[in-house]
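What follows is a single structure, written as structure tokens, with notes after it.
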Amino acid sequence: TNGVQSDNTYGVSIITSKAGNMVIDNCTFTDNKGDLETICGGGTAYSNYGITRVTNSKFINNVVSKSILGLAWANGISMSNNVFIGNTAPNGICEDNMADSWTFSNNVIIGNSKNIITIDSYAESVVNNYWGSNTASSDECIDGYGDYGSFSIAKMTATYPEDDPLEEAKEIEISFDKTLPEFNVDVSAVPSNAVLNTTNVTLGGGKTARILITPKAEGQSTFTLGSNLKTPLDTHVFNVAGEPKERVNIEWVNETTEMYQGDNEVLSVIVKN
């Protein structure tokens with residue numbers, strides 16, 4: 001619980017065997033690397049004949065020879081509210097190898113070499129997980145010769161400004177229809193005809209993420225959500241009108257002149273007596 005394991009270049013990070021119960025909660029595993037001779041092919045967690053619970057944890061940029069979580073002959077597996085991003089694992093995120101039962105819910109699985117779980121027994125439910133796409137299907141996300149009960153996915157909504165072209169700073173909103181753990185992805189706007197107020201955004205956590213985009217020069221700019229991922233979560237092309245014109249007010253005793261001025265050119269003059 002509340003642990004951090006990173007930058008290992010040997011074997012597995014956690015081993016529980018011979019009827020031991022394994023619980024991983026609020027832990028972070030980053031940049032660990034395994035070899036072919038380690039238990040369960042170098043996964044970061046292994047349980048043998050135990051009850052396994054993995055919750056509120058993050059597995060980021062790990063490199064293993066089989067699966068991130070190799071759970072062999074466990075009496076029960078419960079995985080919820082975890083984040084799996086940027087891992088290299090030929091057999092996917094998790095493989096059960098004849099566990100008694102499965103529940104896999106409210107997890108984030110994006111940008112991995114294989115965004116799948118392997119079921120060789122029976123999964124009661126694989127529900128409310130975000131697989132990086134609003135069209136993810138069980139055929140795409142589940143492998144193995146086992147079976148499962150219910151399957152559903154979490155979906156993302158990206159709301160973009162309707163202005164076309166973009167003439168002033170506006171917000172992009174990102175939200176999900178299910179409660180997911182918080183996770184971070186990079187964002188970008190290329191080329192820089194428009195600029196963002198951040199290069200990294202926190203998503204999930206039951207909140208709506210907001211990103212401010214500001215026009216800078218006439219042309220086009222492509223917004224990418226998850227620019228650090230192999231497959232971005234979303235993209236959107238903005239037509240940009242150019243940098244907003246500065247409004248200048250000049251006041252005299254009996255009248256006010258309002259001018260919109262940009263690039264040393266007076267665009268309009270309104271005189272009020």
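Naming scheme: A, B, ... for chains in displayed order of the structure tokens; residues 1 onward per chain; ligands 1 onward as shown.
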
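Excluding Gly204 of chain A itself and any same-chain residue fewer than 4 positions from it, the protein and nucleic acid residues within 6 Å of it, counting only C-alpha atoms, are A:Leu180, A:Pro181, A:Glu182.
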
Once you have the residues from the selection above, write them out as a PDB file, in the first residue's frame, restricted to C-alpha atoms.
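part.pdb was written with the following content:
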```pdb
ATOM      1  CA  LEU A 180     -12.453   6.847 -13.507  1.00  0.00           C
ATOM      2  CA  PRO A 181      -9.185   7.343 -11.618  1.00  0.00           C
ATOM      3  CA  GLU A 182      -7.262  10.492 -12.435  1.00  0.00           C
TER       4      GLU A 182
END
```

Would you kindly return, as a list in words, each protein, DNA or RNA residue with an atom no farther than 6 Å from any atom of segment 57-63 of chain A, considering only C-alpha atoms and excluding same-chain residues fewer than 5 positions away?
Asp25, Asn26, Cys27, Thr28, Phe29, Thr30, Asp31, Asn32, Lys33, Asn82, Val83, Phe84, Ile85, Gly86, Asn87 and Thr88 of chain A

Which residues come within 10 Å of Pro232 of chain A, counting only C-alpha atoms, excluding same-chain residues fewer than 4 positions away, as an mmCIF file with N, CA, C and O atoms, in the first residue's frame?
```
data_model
loop_
_atom_site.group_PDB
_atom_site.id
_atom_site.type_symbol
_atom_site.label_atom_id
_atom_site.label_comp_id
_atom_site.auth_asym_id
_atom_site.auth_seq_id
_atom_site.Cartn_x
_atom_site.Cartn_y
_atom_site.Cartn_z
ATOM 1 N N ILE A 110 -4.650 2.715 -21.694
ATOM 2 C CA ILE A 110 -4.387 3.473 -22.917
ATOM 3 C C ILE A 110 -2.893 3.472 -23.245
ATOM 4 O O ILE A 110 -2.050 3.430 -22.354
ATOM 5 N N GLY A 111 -2.588 3.503 -24.529
ATOM 6 C CA GLY A 111 -1.214 3.694 -24.976
ATOM 7 C C GLY A 111 -0.263 2.560 -24.677
ATOM 8 O O GLY A 111 0.958 2.739 -24.714
ATOM 9 N N GLY A 132 -9.397 3.801 -24.333
ATOM 10 C CA GLY A 132 -8.828 4.757 -25.273
ATOM 11 C C GLY A 132 -9.679 5.007 -26.494
ATOM 12 O O GLY A 132 -9.275 5.744 -27.394
ATOM 13 N N SER A 133 -10.870 4.400 -26.538
ATOM 14 C CA SER A 133 -11.756 4.570 -27.678
ATOM 15 C C SER A 133 -13.199 4.407 -27.229
ATOM 16 O O SER A 133 -13.503 3.559 -26.373
ATOM 17 N N VAL A 185 -2.298 13.095 -19.471
ATOM 18 C CA VAL A 185 -1.820 12.936 -20.846
ATOM 19 C C VAL A 185 -1.312 14.283 -21.340
ATOM 20 O O VAL A 185 -1.702 15.340 -20.837
ATOM 21 N N ASP A 186 -0.451 14.242 -22.346
ATOM 22 C CA ASP A 186 0.040 15.469 -22.964
ATOM 23 C C ASP A 186 -0.973 15.997 -23.975
ATOM 24 O O ASP A 186 -1.753 15.229 -24.565
ATOM 25 N N VAL A 187 -0.972 17.303 -24.172
ATOM 26 C CA VAL A 187 -1.799 17.936 -25.194
ATOM 27 C C VAL A 187 -0.918 18.863 -26.029
ATOM 28 O O VAL A 187 0.095 19.377 -25.557
ATOM 29 N N THR A 224 -4.288 17.999 -30.302
ATOM 30 C CA THR A 224 -4.164 16.565 -30.055
ATOM 31 C C THR A 224 -4.243 16.290 -28.564
ATOM 32 O O THR A 224 -3.476 16.841 -27.778
ATOM 33 N N LEU A 225 -5.181 15.439 -28.184
ATOM 34 C CA LEU A 225 -5.331 14.998 -26.798
ATOM 35 C C LEU A 225 -4.642 13.643 -26.661
ATOM 36 O O LEU A 225 -5.047 12.667 -27.288
ATOM 37 N N GLY A 226 -3.568 13.617 -25.852
ATOM 38 C CA GLY A 226 -2.769 12.406 -25.735
ATOM 39 C C GLY A 226 -1.670 12.362 -26.766
ATOM 40 O O GLY A 226 -1.412 11.324 -27.377
ATOM 41 N N SER A 227 -0.996 13.484 -26.959
ATOM 42 C CA SER A 227 0.071 13.564 -27.958
ATOM 43 C C SER A 227 1.273 12.708 -27.580
ATOM 44 O O SER A 227 2.135 12.456 -28.418
ATOM 45 N N ASN A 228 1.354 12.260 -26.333
ATOM 46 C CA ASN A 228 2.438 11.376 -25.896
ATOM 47 C C ASN A 228 2.119 9.906 -26.115
ATOM 48 O O ASN A 228 2.958 9.039 -25.870
#
```

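Ranking A:Ser80, A:Thr103, A:Asn200, A:Ser67 by their shortest atom-to-atom distance to Ile116 of chain A, with only C-alpha atoms included, puts A:Ser67 first.
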
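Restricting the calculation to only C-alpha atoms, the smallest distance between Ala74 of chain A and any of A:Asn91, A:Thr159, A:Ser113, A:Ser121 is found for A:Ser121.
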
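The closest residue to Asn97 of chain A, picked from A:Asn21, A:Asn56, A:Ser47, A:Ser152 and counting only C-alpha atoms, is A:Ser47.
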
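For the pair atom CA of Trp102 of chain A and atom CA of Met22 of chain A, the separation is 14.6 Å.
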
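Take atom CA of Asp147 of chain A and atom CA of Ser105 of chain A: the distance between them is 16.1 Å.
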
Can you list, as a PyMOL selection string, every residue of segment 38-158 of chain A that DSSP puts in strand (DSSP E)?
chain A and resi 45-48+51-55+58-60+69-72+76-80+83-85+94-95+102-105+108-110+117-118+122-129+142-143+147-153+156-158

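The residue set within 9 Å of Met156 of chain A, counting only C-alpha atoms and dropping same-chain residues fewer than 3 places from it, reads Tyr130, Gly132, Ser133, Asn134, Ile174, Ser175, Phe176, Asp177, Lys178 and Leu233 of chain A.
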